[in-house]
Amino acid sequence: MIEKLKKVIQEIKDLSINSAEELEVFRIKYLSRKGIINDLFEEFKAIPNEQKKDTGKVMNELKQITEFKFNELQVVFGKKQKEEQIETDISLPGEPINIGARHPIYIFQNKVLDVFRKLGFTIAEGPEIEDDWHNFSGLNFPQNHPARDMQDTFFVNEVFSLRTHCTSVQVRIMEKQKPPIRVVMPGRVYRNEAISARSHCFFHQIDGVYIDKNVSFADLKQTLYFFVKELFGADYGIRFRPSYFPFTEPSAEMDIACIICKGSGCNVCKHTGWLEILGCGMIDPNVLKVNGIDPDEYSGFAFGMGVERTTMMLYGIKDIRVFSQNDIRFLSQFASQ
Ligand code: DAH
């Protein structure tokens with residue numbers, strides 16, 4: 001019987017079927033209740049038991065091949081038939097293709113990264129769940145130091161928390177790389193803050209770091225001047241105000257002339273003419289030392305900026321929550337950017 005089955009298998013494989021009608025003939029001949037395959041099953045029932053195992057295998061193969069061929073061709077001819085029935089009306093308007101849009105946060109982020117790429121900075125990322133060393137201790141925040149309260153932290157357990165800033169990536173870079181180091185580090189950060197139109201419990205930051213021999217505050221200022229000029233244009237003044245961060249000494253905050261009123265005073269800049277856009281400073285020698293870089297040989301600057309606030313100003317967005325609401329009406333407005 002096996003021989004017979006194999007012959008039928010070959011016959012089916014060789015068969016060429018070219019239309020829906022031929023396919024129907026095929027179905028009736030092989031797969032219908034009175035078809036060949038059913039007859040063969042009847043025959044199979046009658047063979048001696050010891051032959052059943054081997055013969056059954058070939059029998060199943062035959063059934064599968066026949067059904068597969070039928071199903072496959074049914075798709076082909078079924079579709080063709082449908083297409084023939086539909087007359088094409090070439091006067092109908094085309095179907096619109098919805099193209100996606102980049103998220104405004106990443107439009108702005110990419111612009112910033114492009115500027116620093118031009119200056120030879122590479123890009124690095126780090127984990128969002130971070131240990132105490134990388135988020136705090138390695139950045140000169142001693143245990144129980146009040147500076148830790150500057151950032152309301154979401155703790156995971158004794159050791160881990162959601163990172164409160166991208167400066168944590170700076171520690172990861174220093175432990176792996178030897179100077180010269182020139183890196184920008186974008187990413188999402190988390191703070192335990194009430195959600196409102198102006199603040200959120202997660203947002204984005206871009207940190208930057210440059211470590212080499214003889215890096216000075218003048219290098220920091222010049223780099224940031226260049227950054228503002230490239231990003232916003234030449235007419236925006238900047239100013240530095242003294243500030244405090246545990247990981248930089250001296251520390252500063254940098255303001256740019258208000259994007260909206262260009263310095264004359266408006267609601268957005270609260271009539272000061274200035275907008276605070278980043279924190280920066282010279283890396284504290286202690287931070288270099290605990291991360292294996294000799295502060296007598298090397299110095300460095302660092303800066304860190306929030307992405308949401310500047311993006312909101314650039315696009316006139318009034319509520320920070322829209323960034324994470326996934327409202328397609330909001331997001332699709334950025335399709336051309
Ligand atoms: N990590 C700081 C924050 O989240 C911002 C910052 C300030 C980063 C100064 C820096 C820096 O790298 O040098 O508020």
# chains A, B, ... in the order shown; residues from 1 in each chain; ligands from 1

$ residues_around --residues "A:Glu21" --least-positions-apart "3" --cutoff "12 Å" --atoms "only C-alpha atoms" --output "tab-separated table (two decimals) with N, CA and C atoms, in the first residue's frame"
chain	number	residue	atom	x	y	z
A	17	ILE	N	-2.26	23.26	-11.55
A	17	ILE	CA	-3.64	23.74	-11.49
A	17	ILE	C	-3.64	25.22	-11.84
A	18	ASN	N	-4.42	25.61	-12.84
A	18	ASN	CA	-4.29	26.98	-13.34
A	18	ASN	C	-5.53	27.86	-13.22
A	24	GLU	N	-11.31	23.25	-8.21
A	24	GLU	CA	-12.53	22.59	-7.73
A	24	GLU	C	-12.54	21.12	-8.16
A	25	VAL	N	-12.10	20.87	-9.39
A	25	VAL	CA	-12.01	19.49	-9.87
A	25	VAL	C	-11.04	18.69	-8.97
A	26	PHE	N	-9.94	19.35	-8.65
A	26	PHE	CA	-8.93	18.73	-7.78
A	26	PHE	C	-9.53	18.37	-6.42
A	27	ARG	N	-10.29	19.34	-5.89
A	27	ARG	CA	-10.88	19.12	-4.56
A	27	ARG	C	-11.82	17.90	-4.58
A	28	ILE	N	-12.66	17.87	-5.63
A	28	ILE	CA	-13.63	16.78	-5.67
A	28	ILE	C	-12.92	15.44	-5.83
A	73	LEU	N	-3.57	27.20	-3.03
A	73	LEU	CA	-4.12	27.65	-4.32
A	73	LEU	C	-5.46	28.36	-4.14
A	74	GLN	N	-6.15	27.99	-3.09
A	74	GLN	CA	-7.42	28.66	-2.84
A	74	GLN	C	-7.21	30.14	-2.56
A	77	PHE	N	-6.37	31.79	-6.07
A	77	PHE	CA	-7.49	31.96	-7.01
A	77	PHE	C	-8.64	32.74	-6.39
A	78	GLY	N	-8.82	32.58	-5.08
A	78	GLY	CA	-9.87	33.35	-4.41
A	78	GLY	C	-9.61	34.83	-4.57
A	81	GLN	N	-10.03	36.08	-8.20
A	81	GLN	CA	-11.43	36.22	-8.57
A	81	GLN	C	-11.99	37.53	-8.04

$ residues_near_ligand --ligand "ligand 1" --cutoff "10 Å" --atoms "only C-alpha atoms and all ligand atoms" --output "mmCIF file with N, CA and C atoms, in the first residue's frame"
data_model
loop_
_atom_site.group_PDB
_atom_site.id
_atom_site.type_symbol
_atom_site.label_atom_id
_atom_site.label_comp_id
_atom_site.auth_asym_id
_atom_site.auth_seq_id
_atom_site.Cartn_x
_atom_site.Cartn_y
_atom_site.Cartn_z
ATOM 1 N N ASN A 135 24.504 57.145 41.271
ATOM 2 C CA ASN A 135 23.606 58.303 41.302
ATOM 3 C C ASN A 135 24.048 59.346 42.334
ATOM 4 N N LEU A 139 29.385 60.781 43.013
ATOM 5 C CA LEU A 139 29.318 62.184 42.574
ATOM 6 C C LEU A 139 29.457 63.141 43.758
ATOM 7 N N MET A 150 18.110 67.619 47.508
ATOM 8 C CA MET A 150 17.829 68.496 46.359
ATOM 9 C C MET A 150 16.975 67.761 45.338
ATOM 10 N N GLN A 151 17.099 66.447 45.323
ATOM 11 C CA GLN A 151 16.376 65.650 44.327
ATOM 12 C C GLN A 151 15.519 64.620 45.050
ATOM 13 N N ARG A 163 17.044 56.608 38.683
ATOM 14 C CA ARG A 163 18.050 57.671 38.653
ATOM 15 C C ARG A 163 17.368 59.041 38.649
ATOM 16 N N THR A 164 17.952 59.953 39.413
ATOM 17 C CA THR A 164 17.349 61.288 39.518
ATOM 18 C C THR A 164 17.968 62.255 38.524
ATOM 19 N N HIS A 165 19.079 61.856 37.919
ATOM 20 C CA HIS A 165 19.716 62.704 36.909
ATOM 21 C C HIS A 165 20.618 61.859 36.014
ATOM 22 N N CYS A 166 20.929 62.399 34.831
ATOM 23 C CA CYS A 166 21.794 61.651 33.907
ATOM 24 C C CYS A 166 23.264 61.787 34.280
ATOM 25 N N THR A 167 23.547 62.561 35.316
ATOM 26 C CA THR A 167 24.940 62.699 35.744
ATOM 27 C C THR A 167 25.477 61.339 36.210
ATOM 28 N N SER A 168 24.566 60.428 36.546
ATOM 29 C CA SER A 168 24.985 59.068 36.931
ATOM 30 C C SER A 168 25.792 58.398 35.809
ATOM 31 N N VAL A 169 25.457 58.714 34.566
ATOM 32 C CA VAL A 169 26.156 58.076 33.440
ATOM 33 C C VAL A 169 27.619 58.549 33.392
ATOM 34 N N GLN A 170 27.827 59.798 33.854
ATOM 35 C CA GLN A 170 29.189 60.338 33.909
ATOM 36 C C GLN A 170 30.101 59.428 34.741
ATOM 37 N N VAL A 184 28.268 63.110 25.514
ATOM 38 C CA VAL A 184 26.952 63.616 25.942
ATOM 39 C C VAL A 184 26.060 62.426 26.273
ATOM 40 N N MET A 185 25.217 62.617 27.285
ATOM 41 C CA MET A 185 24.466 61.489 27.836
ATOM 42 C C MET A 185 22.983 61.832 27.976
ATOM 43 N N VAL A 189 14.859 60.610 33.414
ATOM 44 C CA VAL A 189 15.147 60.614 34.858
ATOM 45 C C VAL A 189 13.841 60.716 35.648
ATOM 46 N N TYR A 190 13.917 60.403 36.932
ATOM 47 C CA TYR A 190 12.701 60.296 37.741
ATOM 48 C C TYR A 190 12.845 61.064 39.052
ATOM 49 N N ARG A 191 11.802 61.796 39.411
ATOM 50 C CA ARG A 191 11.800 62.465 40.727
ATOM 51 C C ARG A 191 10.418 62.348 41.348
ATOM 52 N N HIS A 204 13.245 64.280 30.882
ATOM 53 C CA HIS A 204 14.484 63.935 30.178
ATOM 54 C C HIS A 204 15.582 64.952 30.454
ATOM 55 N N GLN A 205 16.792 64.451 30.462
ATOM 56 C CA GLN A 205 17.952 65.337 30.634
ATOM 57 C C GLN A 205 19.023 64.975 29.612
ATOM 58 N N ILE A 206 19.874 65.960 29.339
ATOM 59 C CA ILE A 206 21.079 65.656 28.557
ATOM 60 C C ILE A 206 22.265 66.191 29.366
ATOM 61 N N ASP A 207 23.144 65.319 29.749
ATOM 62 C CA ASP A 207 24.348 65.721 30.459
ATOM 63 C C ASP A 207 25.523 65.697 29.492
ATOM 64 N N GLY A 208 26.546 66.450 29.816
ATOM 65 C CA GLY A 208 27.743 66.412 28.981
ATOM 66 C C GLY A 208 28.962 66.465 29.867
ATOM 67 N N VAL A 209 30.056 65.894 29.387
ATOM 68 C CA VAL A 209 31.285 65.942 30.173
ATOM 69 C C VAL A 209 32.499 65.995 29.246
ATOM 70 N N SER A 243 26.252 78.869 41.393
ATOM 71 C CA SER A 243 25.278 77.940 41.938
ATOM 72 C C SER A 243 26.007 76.883 42.755
ATOM 73 N N TYR A 244 25.276 75.853 43.143
ATOM 74 C CA TYR A 244 25.931 74.780 43.896
ATOM 75 C C TYR A 244 25.472 73.413 43.400
ATOM 76 N N PHE A 245 26.420 72.554 43.062
ATOM 77 C CA PHE A 245 26.168 71.123 42.848
ATOM 78 C C PHE A 245 27.304 70.392 43.545
ATOM 79 N N PRO A 246 27.034 69.270 44.178
ATOM 80 C CA PRO A 246 28.104 68.595 44.923
ATOM 81 C C PRO A 246 29.238 68.114 44.028
ATOM 82 N N PHE A 247 28.920 67.869 42.734
ATOM 83 C CA PHE A 247 29.925 67.241 41.860
ATOM 84 C C PHE A 247 30.710 68.237 41.022
ATOM 85 N N THR A 248 30.433 69.533 41.163
ATOM 86 C CA THR A 248 31.205 70.530 40.415
ATOM 87 C C THR A 248 31.672 71.639 41.350
ATOM 88 N N GLU A 249 32.832 72.196 41.053
ATOM 89 C CA GLU A 249 33.375 73.296 41.857
ATOM 90 C C GLU A 249 34.349 74.101 41.000
ATOM 91 N N PRO A 250 34.082 75.339 40.629
ATOM 92 C CA PRO A 250 32.849 76.064 40.916
ATOM 93 C C PRO A 250 31.670 75.551 40.087
ATOM 94 N N SER A 251 30.458 75.894 40.537
ATOM 95 C CA SER A 251 29.243 75.502 39.826
ATOM 96 C C SER A 251 28.521 76.757 39.338
ATOM 97 N N ALA A 252 27.768 76.579 38.262
ATOM 98 C CA ALA A 252 27.008 77.726 37.742
ATOM 99 C C ALA A 252 25.709 77.254 37.122
ATOM 100 N N GLU A 253 24.795 78.196 36.977
ATOM 101 C CA GLU A 253 23.618 77.920 36.161
ATOM 102 C C GLU A 253 23.671 78.860 34.983
ATOM 103 N N MET A 254 23.289 78.360 33.826
ATOM 104 C CA MET A 254 23.361 79.212 32.643
ATOM 105 C C MET A 254 21.948 79.593 32.194
ATOM 106 N N LEU A 278 20.416 75.417 31.945
ATOM 107 C CA LEU A 278 21.240 74.278 32.383
ATOM 108 C C LEU A 278 22.100 74.598 33.602
ATOM 109 N N GLY A 279 22.559 73.515 34.239
ATOM 110 C CA GLY A 279 23.521 73.625 35.323
ATOM 111 C C GLY A 279 24.872 73.150 34.806
ATOM 112 N N CYS A 280 25.943 73.697 35.361
ATOM 113 C CA CYS A 280 27.263 73.294 34.838
ATOM 114 C C CYS A 280 28.355 73.600 35.853
ATOM 115 N N GLY A 281 29.569 73.283 35.530
ATOM 116 C CA GLY A 281 30.683 73.614 36.407
ATOM 117 C C GLY A 281 31.920 72.799 36.068
ATOM 118 N N MET A 282 32.980 73.063 36.839
ATOM 119 C CA MET A 282 34.199 72.269 36.692
ATOM 120 C C MET A 282 34.058 71.047 37.595
ATOM 121 N N ILE A 283 34.374 69.871 37.050
ATOM 122 C CA ILE A 283 34.189 68.650 37.833
ATOM 123 C C ILE A 283 35.031 68.722 39.109
ATOM 124 N N ASP A 284 34.398 68.466 40.229
ATOM 125 C CA ASP A 284 35.083 68.526 41.516
ATOM 126 C C ASP A 284 36.251 67.530 41.510
ATOM 127 N N GLY A 300 38.220 68.817 34.213
ATOM 128 C CA GLY A 300 37.107 68.627 33.280
ATOM 129 C C GLY A 300 35.948 69.520 33.606
ATOM 130 N N PHE A 301 35.076 69.719 32.611
ATOM 131 C CA PHE A 301 33.829 70.420 32.898
ATOM 132 C C PHE A 301 32.653 69.496 32.642
ATOM 133 N N ALA A 302 31.509 69.863 33.217
ATOM 134 C CA ALA A 302 30.297 69.065 33.024
ATOM 135 C C ALA A 302 29.105 70.006 32.984
ATOM 136 N N PHE A 303 28.068 69.553 32.332
ATOM 137 C CA PHE A 303 26.830 70.344 32.323
ATOM 138 C C PHE A 303 25.652 69.383 32.219
ATOM 139 N N GLY A 304 24.483 69.869 32.602
ATOM 140 C CA GLY A 304 23.298 69.027 32.500
ATOM 141 C C GLY A 304 22.077 69.902 32.273
ATOM 142 N N MET A 305 21.270 69.505 31.282
ATOM 143 C CA MET A 305 20.082 70.335 30.996
ATOM 144 C C MET A 305 18.821 69.487 30.958
ATOM 145 N N GLY A 306 17.711 70.124 31.325
ATOM 146 C CA GLY A 306 16.414 69.461 31.203
ATOM 147 C C GLY A 306 15.913 69.644 29.780
#

$ atom_distance --atom1 "atom CA of A:Ala257" --atom2 "atom CA of A:Ile238"
6.1 Å

$ atom_distance --atom1 "atom CA of A:Ser161" --atom2 "atom CA of A:Ile129"
5.8 Å

$ decode --residues "stretch 21-76 of chain A" --atoms "C-alpha atoms" --output "PDB file, in the first residue's frame"
ATOM      1  CA  GLU A  21     -12.339  25.610 -11.862  1.00  0.00           C
ATOM      2  CA  GLU A  22      -9.390  23.245 -12.042  1.00  0.00           C
ATOM      3  CA  LEU A  23      -8.944  23.627  -8.316  1.00  0.00           C
ATOM      4  CA  GLU A  24     -12.529  22.588  -7.732  1.00  0.00           C
ATOM      5  CA  VAL A  25     -12.010  19.485  -9.875  1.00  0.00           C
ATOM      6  CA  PHE A  26      -8.926  18.735  -7.784  1.00  0.00           C
ATOM      7  CA  ARG A  27     -10.884  19.123  -4.561  1.00  0.00           C
ATOM      8  CA  ILE A  28     -13.632  16.778  -5.674  1.00  0.00           C
ATOM      9  CA  LYS A  29     -11.209  14.195  -6.999  1.00  0.00           C
ATOM     10  CA  TYR A  30      -8.989  14.036  -3.913  1.00  0.00           C
ATOM     11  CA  LEU A  31     -10.568  15.686  -0.927  1.00  0.00           C
ATOM     12  CA  SER A  32     -14.318  15.195  -1.141  1.00  0.00           C
ATOM     13  CA  ARG A  33     -16.182  12.493   0.762  1.00  0.00           C
ATOM     14  CA  LYS A  34     -16.048  10.215  -2.238  1.00  0.00           C
ATOM     15  CA  GLY A  35     -12.563  11.319  -3.178  1.00  0.00           C
ATOM     16  CA  ILE A  36      -9.380   9.298  -3.502  1.00  0.00           C
ATOM     17  CA  ILE A  37      -8.034  10.122  -0.063  1.00  0.00           C
ATOM     18  CA  ASN A  38     -11.136   8.909   1.721  1.00  0.00           C
ATOM     19  CA  ASP A  39     -11.034   5.696  -0.317  1.00  0.00           C
ATOM     20  CA  LEU A  40      -7.428   5.195   0.687  1.00  0.00           C
ATOM     21  CA  PHE A  41      -8.338   5.654   4.348  1.00  0.00           C
ATOM     22  CA  GLU A  42     -10.915   2.922   4.012  1.00  0.00           C
ATOM     23  CA  GLU A  43      -8.286   0.668   2.473  1.00  0.00           C
ATOM     24  CA  PHE A  44      -5.886   1.595   5.299  1.00  0.00           C
ATOM     25  CA  LYS A  45      -8.328   0.403   7.921  1.00  0.00           C
ATOM     26  CA  ALA A  46      -8.194  -3.092   6.435  1.00  0.00           C
ATOM     27  CA  ILE A  47      -4.420  -3.656   6.395  1.00  0.00           C
ATOM     28  CA  PRO A  48      -2.784  -5.894   9.023  1.00  0.00           C
ATOM     29  CA  ASN A  49      -1.990  -4.111  12.295  1.00  0.00           C
ATOM     30  CA  GLU A  50       1.800  -4.528  12.052  1.00  0.00           C
ATOM     31  CA  GLN A  51       1.850  -2.516   8.814  1.00  0.00           C
ATOM     32  CA  LYS A  52      -0.261   0.302  10.207  1.00  0.00           C
ATOM     33  CA  LYS A  53       2.515   2.334  11.762  1.00  0.00           C
ATOM     34  CA  ASP A  54       4.648   2.786   8.622  1.00  0.00           C
ATOM     35  CA  THR A  55       1.735   3.047   6.265  1.00  0.00           C
ATOM     36  CA  GLY A  56      -0.005   5.557   8.570  1.00  0.00           C
ATOM     37  CA  LYS A  57       2.951   7.915   8.313  1.00  0.00           C
ATOM     38  CA  VAL A  58       2.797   8.000   4.512  1.00  0.00           C
ATOM     39  CA  MET A  59      -0.970   8.252   4.642  1.00  0.00           C
ATOM     40  CA  ASN A  60      -0.707  11.357   6.828  1.00  0.00           C
ATOM     41  CA  GLU A  61       1.905  12.847   4.573  1.00  0.00           C
ATOM     42  CA  LEU A  62      -0.400  12.425   1.600  1.00  0.00           C
ATOM     43  CA  LYS A  63      -3.277  14.074   3.416  1.00  0.00           C
ATOM     44  CA  GLN A  64      -1.155  17.024   4.525  1.00  0.00           C
ATOM     45  CA  ILE A  65       0.371  17.627   1.090  1.00  0.00           C
ATOM     46  CA  THR A  66      -3.037  17.537  -0.582  1.00  0.00           C
ATOM     47  CA  GLU A  67      -4.644  19.901   1.928  1.00  0.00           C
ATOM     48  CA  PHE A  68      -1.695  22.261   1.826  1.00  0.00           C
ATOM     49  CA  LYS A  69      -1.788  22.457  -1.958  1.00  0.00           C
ATOM     50  CA  PHE A  70      -5.525  23.063  -1.920  1.00  0.00           C
ATOM     51  CA  ASN A  71      -5.363  25.800   0.769  1.00  0.00           C
ATOM     52  CA  GLU A  72      -2.492  27.547  -0.905  1.00  0.00           C
ATOM     53  CA  LEU A  73      -4.123  27.647  -4.318  1.00  0.00           C
ATOM     54  CA  GLN A  74      -7.424  28.659  -2.840  1.00  0.00           C
ATOM     55  CA  VAL A  75      -5.821  31.842  -1.533  1.00  0.00           C
ATOM     56  CA  VAL A  76      -4.348  32.579  -4.971  1.00  0.00           C
TER      57      VAL A  76
END
